$ cat run_21.txt   # compact mmCIF, N, CA, C and O atoms
# COMPACT_ATOMS: atom_id res chain seq x y z
N MET A 1 -234.57 119.13 -197.01
CA MET A 1 -234.70 117.73 -196.65
C MET A 1 -236.17 117.44 -196.34
O MET A 1 -236.78 118.13 -195.54
N ALA A 2 -236.72 116.46 -196.97
CA ALA A 2 -238.13 116.10 -196.78
C ALA A 2 -238.36 115.46 -195.42
O ALA A 2 -237.44 114.95 -194.80
N TYR A 3 -239.60 115.50 -195.00
CA TYR A 3 -239.99 114.85 -193.75
C TYR A 3 -240.60 113.49 -194.07
O TYR A 3 -241.03 113.24 -195.18
N LYS A 4 -240.64 112.61 -193.06
CA LYS A 4 -241.31 111.32 -193.22
C LYS A 4 -242.11 111.02 -191.96
O LYS A 4 -241.83 111.56 -190.90
N ILE A 5 -243.10 110.19 -192.11
CA ILE A 5 -243.97 109.81 -191.00
C ILE A 5 -243.59 108.41 -190.56
O ILE A 5 -243.58 107.48 -191.37
N THR A 6 -243.28 108.25 -189.29
CA THR A 6 -242.83 106.97 -188.76
C THR A 6 -244.02 106.08 -188.38
O THR A 6 -245.18 106.50 -188.45
N ASP A 7 -243.71 104.88 -187.93
CA ASP A 7 -244.75 103.94 -187.51
C ASP A 7 -245.48 104.38 -186.24
O ASP A 7 -246.48 103.78 -185.86
N ALA A 8 -245.00 105.43 -185.60
CA ALA A 8 -245.68 105.96 -184.42
C ALA A 8 -246.96 106.72 -184.78
O ALA A 8 -247.74 107.09 -183.91
N CYS A 9 -247.21 106.90 -186.07
CA CYS A 9 -248.40 107.61 -186.55
C CYS A 9 -249.67 106.94 -186.05
O CYS A 9 -249.83 105.73 -186.18
N VAL A 10 -250.58 107.75 -185.51
CA VAL A 10 -251.86 107.24 -185.04
C VAL A 10 -253.00 107.58 -186.01
O VAL A 10 -254.16 107.38 -185.71
N ASN A 11 -252.64 108.10 -187.18
CA ASN A 11 -253.58 108.40 -188.26
C ASN A 11 -254.69 109.37 -187.84
O ASN A 11 -255.83 109.22 -188.23
N CYS A 12 -254.31 110.38 -187.08
CA CYS A 12 -255.31 111.35 -186.62
C CYS A 12 -255.65 112.38 -187.70
O CYS A 12 -256.70 113.00 -187.65
N GLY A 13 -254.74 112.59 -188.65
CA GLY A 13 -254.99 113.52 -189.74
C GLY A 13 -254.62 114.96 -189.46
O GLY A 13 -254.82 115.82 -190.32
N SER A 14 -254.10 115.25 -188.29
CA SER A 14 -253.74 116.64 -187.95
C SER A 14 -252.76 117.23 -188.95
O SER A 14 -252.87 118.39 -189.32
N CYS A 15 -251.82 116.45 -189.38
CA CYS A 15 -250.76 116.93 -190.28
C CYS A 15 -251.28 117.25 -191.67
O CYS A 15 -250.87 118.23 -192.29
N GLU A 16 -252.17 116.44 -192.17
CA GLU A 16 -252.63 116.58 -193.55
C GLU A 16 -253.26 117.95 -193.82
O GLU A 16 -252.99 118.59 -194.83
N GLY A 17 -254.07 118.41 -192.90
CA GLY A 17 -254.73 119.70 -193.06
C GLY A 17 -253.78 120.88 -192.95
O GLY A 17 -254.08 121.96 -193.44
N GLU A 18 -252.66 120.69 -192.31
CA GLU A 18 -251.70 121.78 -192.11
C GLU A 18 -250.67 121.90 -193.22
O GLU A 18 -250.03 122.93 -193.36
N CYS A 19 -250.50 120.87 -194.04
CA CYS A 19 -249.48 120.89 -195.09
C CYS A 19 -249.84 121.92 -196.17
O CYS A 19 -250.87 121.80 -196.84
N PRO A 20 -248.97 122.93 -196.37
CA PRO A 20 -249.30 123.99 -197.33
C PRO A 20 -249.24 123.56 -198.80
O PRO A 20 -249.77 124.26 -199.65
N VAL A 21 -248.60 122.43 -199.08
CA VAL A 21 -248.48 121.99 -200.47
C VAL A 21 -249.20 120.68 -200.76
O VAL A 21 -249.11 120.12 -201.85
N GLY A 22 -249.95 120.17 -199.79
CA GLY A 22 -250.73 118.95 -199.98
C GLY A 22 -249.90 117.70 -200.19
O GLY A 22 -250.29 116.81 -200.94
N ALA A 23 -248.76 117.61 -199.51
CA ALA A 23 -247.85 116.48 -199.69
C ALA A 23 -248.23 115.26 -198.85
O ALA A 23 -247.66 114.20 -199.02
N ILE A 24 -249.21 115.40 -197.97
CA ILE A 24 -249.58 114.32 -197.06
C ILE A 24 -250.91 113.70 -197.46
O ILE A 24 -251.87 114.39 -197.76
N SER A 25 -250.92 112.36 -197.48
CA SER A 25 -252.15 111.64 -197.80
C SER A 25 -252.26 110.41 -196.91
O SER A 25 -251.29 110.00 -196.28
N GLU A 26 -253.44 109.82 -196.89
CA GLU A 26 -253.67 108.63 -196.09
C GLU A 26 -253.32 107.39 -196.91
O GLU A 26 -253.64 107.30 -198.09
N SER A 27 -252.64 106.47 -196.27
CA SER A 27 -252.27 105.21 -196.92
C SER A 27 -252.41 104.09 -195.91
O SER A 27 -251.59 103.97 -194.99
N GLY A 28 -253.45 103.31 -196.05
CA GLY A 28 -253.69 102.24 -195.09
C GLY A 28 -254.06 102.79 -193.73
O GLY A 28 -254.99 103.56 -193.61
N ASP A 29 -253.27 102.44 -192.71
CA ASP A 29 -253.58 102.87 -191.35
C ASP A 29 -252.70 104.01 -190.86
O ASP A 29 -252.60 104.25 -189.67
N LYS A 30 -252.05 104.72 -191.79
CA LYS A 30 -251.27 105.89 -191.40
C LYS A 30 -251.18 106.89 -192.54
O LYS A 30 -251.67 106.63 -193.64
N ARG A 31 -250.59 108.02 -192.28
CA ARG A 31 -250.40 109.05 -193.30
C ARG A 31 -249.01 108.91 -193.88
O ARG A 31 -248.10 108.41 -193.23
N VAL A 32 -248.84 109.36 -195.11
CA VAL A 32 -247.53 109.34 -195.77
C VAL A 32 -247.27 110.70 -196.39
O VAL A 32 -248.19 111.43 -196.74
N ILE A 33 -245.98 111.02 -196.54
CA ILE A 33 -245.57 112.29 -197.14
C ILE A 33 -244.90 112.01 -198.46
O ILE A 33 -243.98 111.19 -198.55
N ASP A 34 -245.36 112.68 -199.51
CA ASP A 34 -244.73 112.57 -200.83
C ASP A 34 -243.47 113.44 -200.79
O ASP A 34 -243.55 114.68 -200.77
N ALA A 35 -242.30 112.80 -200.76
CA ALA A 35 -241.03 113.51 -200.63
C ALA A 35 -240.78 114.48 -201.78
O ALA A 35 -240.15 115.52 -201.60
N ALA A 36 -241.29 114.18 -202.96
CA ALA A 36 -241.08 115.04 -204.12
C ALA A 36 -241.89 116.34 -204.00
O ALA A 36 -241.52 117.36 -204.57
N THR A 37 -242.98 116.31 -203.26
CA THR A 37 -243.83 117.47 -203.09
C THR A 37 -243.48 118.26 -201.83
O THR A 37 -243.64 119.48 -201.79
N CYS A 38 -242.98 117.59 -200.81
CA CYS A 38 -242.65 118.21 -199.52
C CYS A 38 -241.65 119.35 -199.69
O CYS A 38 -240.65 119.20 -200.38
N VAL A 39 -241.94 120.50 -199.07
CA VAL A 39 -241.05 121.66 -199.14
C VAL A 39 -240.25 121.83 -197.84
O VAL A 39 -239.63 122.87 -197.63
N SER A 40 -240.27 120.84 -197.00
CA SER A 40 -239.47 120.81 -195.76
C SER A 40 -239.74 121.97 -194.82
O SER A 40 -238.84 122.48 -194.17
N CYS A 41 -241.00 122.39 -194.72
CA CYS A 41 -241.33 123.52 -193.86
C CYS A 41 -241.43 123.13 -192.39
O CYS A 41 -241.29 123.96 -191.51
N GLY A 42 -241.74 121.85 -192.12
CA GLY A 42 -241.84 121.37 -190.75
C GLY A 42 -243.16 121.62 -190.07
O GLY A 42 -243.32 121.28 -188.90
N THR A 43 -244.11 122.21 -190.77
CA THR A 43 -245.41 122.49 -190.17
C THR A 43 -246.07 121.21 -189.66
O THR A 43 -246.64 121.19 -188.58
N CYS A 44 -245.98 120.16 -190.44
CA CYS A 44 -246.62 118.89 -190.06
C CYS A 44 -246.04 118.35 -188.76
O CYS A 44 -246.78 117.89 -187.89
N ALA A 45 -244.72 118.41 -188.62
CA ALA A 45 -244.07 117.90 -187.41
C ALA A 45 -244.51 118.69 -186.19
O ALA A 45 -244.66 118.13 -185.10
N GLY A 46 -244.73 119.96 -186.38
CA GLY A 46 -245.13 120.82 -185.27
C GLY A 46 -246.52 120.54 -184.73
O GLY A 46 -246.80 120.82 -183.57
N VAL A 47 -247.40 119.98 -185.55
CA VAL A 47 -248.77 119.72 -185.10
C VAL A 47 -249.03 118.25 -184.77
O VAL A 47 -250.10 117.92 -184.29
N CYS A 48 -248.08 117.38 -185.00
CA CYS A 48 -248.28 115.94 -184.77
C CYS A 48 -248.30 115.62 -183.28
O CYS A 48 -247.29 115.78 -182.59
N PRO A 49 -249.44 115.15 -182.75
CA PRO A 49 -249.53 114.84 -181.33
C PRO A 49 -248.73 113.60 -180.92
O PRO A 49 -248.39 113.45 -179.76
N ALA A 50 -248.42 112.75 -181.88
CA ALA A 50 -247.67 111.52 -181.59
C ALA A 50 -246.17 111.69 -181.84
O ALA A 50 -245.41 110.74 -181.65
N GLU A 51 -245.77 112.88 -182.26
CA GLU A 51 -244.36 113.15 -182.62
C GLU A 51 -243.83 112.09 -183.58
O GLU A 51 -242.71 111.61 -183.47
N ALA A 52 -244.66 111.75 -184.57
CA ALA A 52 -244.35 110.69 -185.52
C ALA A 52 -243.72 111.21 -186.81
O ALA A 52 -243.45 110.43 -187.72
N ILE A 53 -243.48 112.51 -186.91
CA ILE A 53 -242.95 113.08 -188.15
C ILE A 53 -241.53 113.59 -187.90
O ILE A 53 -241.30 114.41 -187.00
N VAL A 54 -240.58 113.08 -188.69
CA VAL A 54 -239.18 113.40 -188.52
C VAL A 54 -238.56 113.77 -189.86
O VAL A 54 -239.08 113.41 -190.92
N GLU A 55 -237.44 114.47 -189.82
CA GLU A 55 -236.71 114.77 -191.05
C GLU A 55 -236.05 113.51 -191.56
O GLU A 55 -235.58 112.69 -190.79
N GLU A 56 -236.04 113.36 -192.89
CA GLU A 56 -235.39 112.18 -193.50
C GLU A 56 -233.90 112.38 -193.48
O GLU A 56 -233.37 113.44 -193.57

$ encode --input "run_21.txt" --output "structure tokens"
Amino acid sequence: MAYKITDACVNCGSCEGECPVGAISESGDKRVIDAATCVSCGTCAGVCPAEAIVEE
């Protein structure tokens, strides 16, 4: 199950650098996860200081 970034995202970028498959990118004022690329490892959720990343 892929992860998604909620509106609680503060666009700090912590998650993007931790994603092992490069599924996270910046879009406007927050980050987004490409569900087709996401391998559901949860690494991004573990480093998010705003707890803005949840399972879809």

$ closest_residue --input "run_21.txt" --among "A:Ile24, A:Cys15, A:Met1, A:Val10" --to "Val39 (chain A)" --atoms "all atoms listed in the file"
A:Met1

$ atom_distance --input "run_21.txt" --atom1 "atom N of Arg31 (chain A)" --atom2 "atom O of Ser14 (chain A)"
11.0 Å

$ atom_distance --input "run_21.txt" --atom1 "CA of Glu55 (chain A)" --atom2 "CA of Cys38 (chain A)"
10.9 Å

$ residues_around --input "run_21.txt" --residues "Ala2 (chain A)" --least-positions-apart "2" --cutoff "8 Å" --atoms "only N, CA, C and O atoms" --output "list of chain:residue names"
A:Lys4, A:Ile5, A:Ile33, A:Asp34, A:Ala35, A:Ala36, A:Thr37, A:Cys38, A:Val39, A:Ser40, A:Cys41, A:Gly42, A:Val54, A:Glu55, A:Glu56

$ closest_residue --input "run_21.txt" --among "A:Gly46, A:Asn11, A:Ile53, A:Tyr3" --to "Glu26 (chain A)" --atoms "only N, CA, C and O atoms"
A:Asn11

$ closest_residue --input "run_21.txt" --among "A:Thr6, A:Gly17, A:Cys44, A:Glu51" --to "Lys30 (chain A)" --atoms "all atoms listed in the file"
A:Thr6

$ select_by_dssp --input "run_21.txt" --residues "chain A" --states "strand (DSSP E)" --output "ChimeraX atom specification"
/A:3-5,24-27,30-33,53-55

$ write_last_selection --input "run_21.txt" --atoms "N, CA, C and O atoms" --output "PDB file, in the coordinates of the input"
ATOM      1  N   TYR A   3    -239.600 115.500-195.000  1.00  0.00           N
ATOM      2  CA  TYR A   3    -239.990 114.850-193.750  1.00  0.00           C
ATOM      3  C   TYR A   3    -240.600 113.490-194.070  1.00  0.00           C
ATOM      4  O   TYR A   3    -241.030 113.240-195.180  1.00  0.00           O
ATOM      5  N   LYS A   4    -240.640 112.610-193.060  1.00  0.00           N
ATOM      6  CA  LYS A   4    -241.310 111.320-193.220  1.00  0.00           C
ATOM      7  C   LYS A   4    -242.110 111.020-191.960  1.00  0.00           C
ATOM      8  O   LYS A   4    -241.830 111.560-190.900  1.00  0.00           O
ATOM      9  N   ILE A   5    -243.100 110.190-192.110  1.00  0.00           N
ATOM     10  CA  ILE A   5    -243.970 109.810-191.000  1.00  0.00           C
ATOM     11  C   ILE A   5    -243.590 108.410-190.560  1.00  0.00           C
ATOM     12  O   ILE A   5    -243.580 107.480-191.370  1.00  0.00           O
ATOM     13  N   ILE A  24    -249.210 115.400-197.970  1.00  0.00           N
ATOM     14  CA  ILE A  24    -249.580 114.320-197.060  1.00  0.00           C
ATOM     15  C   ILE A  24    -250.910 113.700-197.460  1.00  0.00           C
ATOM     16  O   ILE A  24    -251.870 114.390-197.760  1.00  0.00           O
ATOM     17  N   SER A  25    -250.920 112.360-197.480  1.00  0.00           N
ATOM     18  CA  SER A  25    -252.150 111.640-197.800  1.00  0.00           C
ATOM     19  C   SER A  25    -252.260 110.410-196.910  1.00  0.00           C
ATOM     20  O   SER A  25    -251.290 110.000-196.280  1.00  0.00           O
ATOM     21  N   GLU A  26    -253.440 109.820-196.890  1.00  0.00           N
ATOM     22  CA  GLU A  26    -253.670 108.630-196.090  1.00  0.00           C
ATOM     23  C   GLU A  26    -253.320 107.390-196.910  1.00  0.00           C
ATOM     24  O   GLU A  26    -253.640 107.300-198.090  1.00  0.00           O
ATOM     25  N   SER A  27    -252.640 106.470-196.270  1.00  0.00           N
ATOM     26  CA  SER A  27    -252.270 105.210-196.920  1.00  0.00           C
ATOM     27  C   SER A  27    -252.410 104.090-195.910  1.00  0.00           C
ATOM     28  O   SER A  27    -251.590 103.970-194.990  1.00  0.00           O
ATOM     29  N   LYS A  30    -252.050 104.720-191.790  1.00  0.00           N
ATOM     30  CA  LYS A  30    -251.270 105.890-191.400  1.00  0.00           C
ATOM     31  C   LYS A  30    -251.180 106.890-192.540  1.00  0.00           C
ATOM     32  O   LYS A  30    -251.670 106.630-193.640  1.00  0.00           O
ATOM     33  N   ARG A  31    -250.590 108.020-192.280  1.00  0.00           N
ATOM     34  CA  ARG A  31    -250.400 109.050-193.300  1.00  0.00           C
ATOM     35  C   ARG A  31    -249.010 108.910-193.880  1.00  0.00           C
ATOM     36  O   ARG A  31    -248.100 108.410-193.230  1.00  0.00           O
ATOM     37  N   VAL A  32    -248.840 109.360-195.110  1.00  0.00           N
ATOM     38  CA  VAL A  32    -247.530 109.340-195.770  1.00  0.00           C
ATOM     39  C   VAL A  32    -247.270 110.700-196.390  1.00  0.00           C
ATOM     40  O   VAL A  32    -248.190 111.430-196.740  1.00  0.00           O
ATOM     41  N   ILE A  33    -245.980 111.020-196.540  1.00  0.00           N
ATOM     42  CA  ILE A  33    -245.570 112.290-197.140  1.00  0.00           C
ATOM     43  C   ILE A  33    -244.900 112.010-198.460  1.00  0.00           C
ATOM     44  O   ILE A  33    -243.980 111.190-198.550  1.00  0.00           O
ATOM     45  N   ILE A  53    -243.480 112.510-186.910  1.00  0.00           N
ATOM     46  CA  ILE A  53    -242.950 113.080-188.150  1.00  0.00           C
ATOM     47  C   ILE A  53    -241.530 113.590-187.900  1.00  0.00           C
ATOM     48  O   ILE A  53    -241.300 114.410-187.000  1.00  0.00           O
ATOM     49  N   VAL A  54    -240.580 113.080-188.690  1.00  0.00           N
ATOM     50  CA  VAL A  54    -239.180 113.400-188.520  1.00  0.00           C
ATOM     51  C   VAL A  54    -238.560 113.770-189.860  1.00  0.00           C
ATOM     52  O   VAL A  54    -239.080 113.410-190.920  1.00  0.00           O
ATOM     53  N   GLU A  55    -237.440 114.470-189.820  1.00  0.00           N
ATOM     54  CA  GLU A  55    -236.710 114.770-191.050  1.00  0.00           C
ATOM     55  C   GLU A  55    -236.050 113.510-191.560  1.00  0.00           C
ATOM     56  O   GLU A  55    -235.580 112.690-190.790  1.00  0.00           O
TER      57      GLU A  55
END

$ select_by_dssp --input "run_21.txt" --residues "chain A" --states "alpha helix (DSSP H)" --output "short mmCIF file (atom, residue, chain, number, x, y, z; two decimals) with N, CA, C and O atoms, keeping the file's coordinate frame"
data_model
loop_
_atom_site.label_atom_id
_atom_site.label_comp_id
_atom_site.auth_asym_id
_atom_site.auth_seq_id
_atom_site.Cartn_x
_atom_site.Cartn_y
_atom_site.Cartn_z
N SER A 14 -254.10 115.25 -188.29
CA SER A 14 -253.74 116.64 -187.95
C SER A 14 -252.76 117.23 -188.95
O SER A 14 -252.87 118.39 -189.32
N CYS A 15 -251.82 116.45 -189.38
CA CYS A 15 -250.76 116.93 -190.28
C CYS A 15 -251.28 117.25 -191.67
O CYS A 15 -250.87 118.23 -192.29
N GLU A 16 -252.17 116.44 -192.17
CA GLU A 16 -252.63 116.58 -193.55
C GLU A 16 -253.26 117.95 -193.82
O GLU A 16 -252.99 118.59 -194.83
N GLY A 17 -254.07 118.41 -192.90
CA GLY A 17 -254.73 119.70 -193.06
C GLY A 17 -253.78 120.88 -192.95
O GLY A 17 -254.08 121.96 -193.44
N GLU A 18 -252.66 120.69 -192.31
CA GLU A 18 -251.70 121.78 -192.11
C GLU A 18 -250.67 121.90 -193.22
O GLU A 18 -250.03 122.93 -193.36
N THR A 43 -244.11 122.21 -190.77
CA THR A 43 -245.41 122.49 -190.17
C THR A 43 -246.07 121.21 -189.66
O THR A 43 -246.64 121.19 -188.58
N CYS A 44 -245.98 120.16 -190.44
CA CYS A 44 -246.62 118.89 -190.06
C CYS A 44 -246.04 118.35 -188.76
O CYS A 44 -246.78 117.89 -187.89
N ALA A 45 -244.72 118.41 -188.62
CA ALA A 45 -244.07 117.90 -187.41
C ALA A 45 -244.51 118.69 -186.19
O ALA A 45 -244.66 118.13 -185.10
N GLY A 46 -244.73 119.96 -186.38
CA GLY A 46 -245.13 120.82 -185.27
C GLY A 46 -246.52 120.54 -184.73
O GLY A 46 -246.80 120.82 -183.57
N VAL A 47 -247.40 119.98 -185.55
CA VAL A 47 -248.77 119.72 -185.10
C VAL A 47 -249.03 118.25 -184.77
O VAL A 47 -250.10 117.92 -184.29
#

$ build_atoms --input "run_21.txt" --residues "region 5-16 of chain A" --atoms "all heavy atoms" --output "PDB file, in the frame of the given file"
ATOM      1  N   ILE A   5    -243.100 110.190-192.110  1.00  0.00           N
ATOM      2  CA  ILE A   5    -243.970 109.810-191.000  1.00  0.00           C
ATOM      3  C   ILE A   5    -243.590 108.410-190.560  1.00  0.00           C
ATOM      4  O   ILE A   5    -243.580 107.480-191.370  1.00  0.00           O
ATOM      5  CB  ILE A   5    -245.452 109.898-191.403  1.00  0.00           C
ATOM      6  CG1 ILE A   5    -245.777 111.335-191.836  1.00  0.00           C
ATOM      7  CG2 ILE A   5    -246.344 109.466-190.246  1.00  0.00           C
ATOM      8  CD1 ILE A   5    -247.181 111.543-192.357  1.00  0.00           C
ATOM      9  N   THR A   6    -243.280 108.250-189.290  1.00  0.00           N
ATOM     10  CA  THR A   6    -242.830 106.970-188.760  1.00  0.00           C
ATOM     11  C   THR A   6    -244.020 106.080-188.380  1.00  0.00           C
ATOM     12  O   THR A   6    -245.180 106.500-188.450  1.00  0.00           O
ATOM     13  CB  THR A   6    -241.957 107.180-187.509  1.00  0.00           C
ATOM     14  OG1 THR A   6    -242.782 107.696-186.450  1.00  0.00           O
ATOM     15  CG2 THR A   6    -240.802 108.138-187.791  1.00  0.00           C
ATOM     16  N   ASP A   7    -243.710 104.880-187.930  1.00  0.00           N
ATOM     17  CA  ASP A   7    -244.750 103.940-187.510  1.00  0.00           C
ATOM     18  C   ASP A   7    -245.480 104.380-186.240  1.00  0.00           C
ATOM     19  O   ASP A   7    -246.480 103.780-185.860  1.00  0.00           O
ATOM     20  CB  ASP A   7    -244.142 102.553-187.281  1.00  0.00           C
ATOM     21  CG  ASP A   7    -243.747 101.879-188.589  1.00  0.00           C
ATOM     22  OD1 ASP A   7    -244.284 102.263-189.653  1.00  0.00           O
ATOM     23  OD2 ASP A   7    -242.890 100.974-188.559  1.00  0.00           O
ATOM     24  N   ALA A   8    -245.000 105.430-185.600  1.00  0.00           N
ATOM     25  CA  ALA A   8    -245.680 105.960-184.420  1.00  0.00           C
ATOM     26  C   ALA A   8    -246.960 106.720-184.780  1.00  0.00           C
ATOM     27  O   ALA A   8    -247.740 107.090-183.910  1.00  0.00           O
ATOM     28  CB  ALA A   8    -244.736 106.878-183.647  1.00  0.00           C
ATOM     29  N   CYS A   9    -247.210 106.900-186.070  1.00  0.00           N
ATOM     30  CA  CYS A   9    -248.400 107.610-186.550  1.00  0.00           C
ATOM     31  C   CYS A   9    -249.670 106.940-186.050  1.00  0.00           C
ATOM     32  O   CYS A   9    -249.830 105.730-186.180  1.00  0.00           O
ATOM     33  CB  CYS A   9    -248.389 107.649-188.084  1.00  0.00           C
ATOM     34  SG  CYS A   9    -249.843 108.427-188.828  1.00  0.00           S
ATOM     35  N   VAL A  10    -250.580 107.750-185.510  1.00  0.00           N
ATOM     36  CA  VAL A  10    -251.860 107.240-185.040  1.00  0.00           C
ATOM     37  C   VAL A  10    -253.000 107.580-186.010  1.00  0.00           C
ATOM     38  O   VAL A  10    -254.160 107.380-185.710  1.00  0.00           O
ATOM     39  CB  VAL A  10    -252.194 107.770-183.618  1.00  0.00           C
ATOM     40  CG1 VAL A  10    -251.193 107.250-182.603  1.00  0.00           C
ATOM     41  CG2 VAL A  10    -252.255 109.289-183.597  1.00  0.00           C
ATOM     42  N   ASN A  11    -252.640 108.100-187.180  1.00  0.00           N
ATOM     43  CA  ASN A  11    -253.580 108.400-188.260  1.00  0.00           C
ATOM     44  C   ASN A  11    -254.690 109.370-187.840  1.00  0.00           C
ATOM     45  O   ASN A  11    -255.830 109.220-188.230  1.00  0.00           O
ATOM     46  CB  ASN A  11    -254.181 107.100-188.820  1.00  0.00           C
ATOM     47  CG  ASN A  11    -254.707 107.282-190.230  1.00  0.00           C
ATOM     48  OD1 ASN A  11    -254.321 108.191-190.936  1.00  0.00           O
ATOM     49  ND2 ASN A  11    -255.597 106.397-190.642  1.00  0.00           N
ATOM     50  N   CYS A  12    -254.310 110.380-187.080  1.00  0.00           N
ATOM     51  CA  CYS A  12    -255.310 111.350-186.620  1.00  0.00           C
ATOM     52  C   CYS A  12    -255.650 112.380-187.700  1.00  0.00           C
ATOM     53  O   CYS A  12    -256.700 113.000-187.650  1.00  0.00           O
ATOM     54  CB  CYS A  12    -254.812 112.061-185.360  1.00  0.00           C
ATOM     55  SG  CYS A  12    -253.397 113.149-185.626  1.00  0.00           S
ATOM     56  N   GLY A  13    -254.740 112.590-188.650  1.00  0.00           N
ATOM     57  CA  GLY A  13    -254.990 113.520-189.740  1.00  0.00           C
ATOM     58  C   GLY A  13    -254.620 114.960-189.460  1.00  0.00           C
ATOM     59  O   GLY A  13    -254.820 115.820-190.320  1.00  0.00           O
ATOM     60  N   SER A  14    -254.100 115.250-188.290  1.00  0.00           N
ATOM     61  CA  SER A  14    -253.740 116.640-187.950  1.00  0.00           C
ATOM     62  C   SER A  14    -252.760 117.230-188.950  1.00  0.00           C
ATOM     63  O   SER A  14    -252.870 118.390-189.320  1.00  0.00           O
ATOM     64  CB  SER A  14    -253.120 116.699-186.556  1.00  0.00           C
ATOM     65  OG  SER A  14    -254.041 116.322-185.580  1.00  0.00           O
ATOM     66  N   CYS A  15    -251.820 116.450-189.380  1.00  0.00           N
ATOM     67  CA  CYS A  15    -250.760 116.930-190.280  1.00  0.00           C
ATOM     68  C   CYS A  15    -251.280 117.250-191.670  1.00  0.00           C
ATOM     69  O   CYS A  15    -250.870 118.230-192.290  1.00  0.00           O
ATOM     70  CB  CYS A  15    -249.647 115.905-190.366  1.00  0.00           C
ATOM     71  SG  CYS A  15    -250.189 114.277-190.969  1.00  0.00           S
ATOM     72  N   GLU A  16    -252.170 116.440-192.170  1.00  0.00           N
ATOM     73  CA  GLU A  16    -252.630 116.580-193.550  1.00  0.00           C
ATOM     74  C   GLU A  16    -253.260 117.950-193.820  1.00  0.00           C
ATOM     75  O   GLU A  16    -252.990 118.590-194.830  1.00  0.00           O
ATOM     76  CB  GLU A  16    -253.618 115.472-193.907  1.00  0.00           C
ATOM     77  CG  GLU A  16    -253.985 115.459-195.364  1.00  0.00           C
ATOM     78  CD  GLU A  16    -254.831 114.259-195.773  1.00  0.00           C
ATOM     79  OE1 GLU A  16    -255.134 113.397-194.924  1.00  0.00           O
ATOM     80  OE2 GLU A  16    -255.172 114.178-196.960  1.00  0.00           O
TER      81      GLU A  16
END
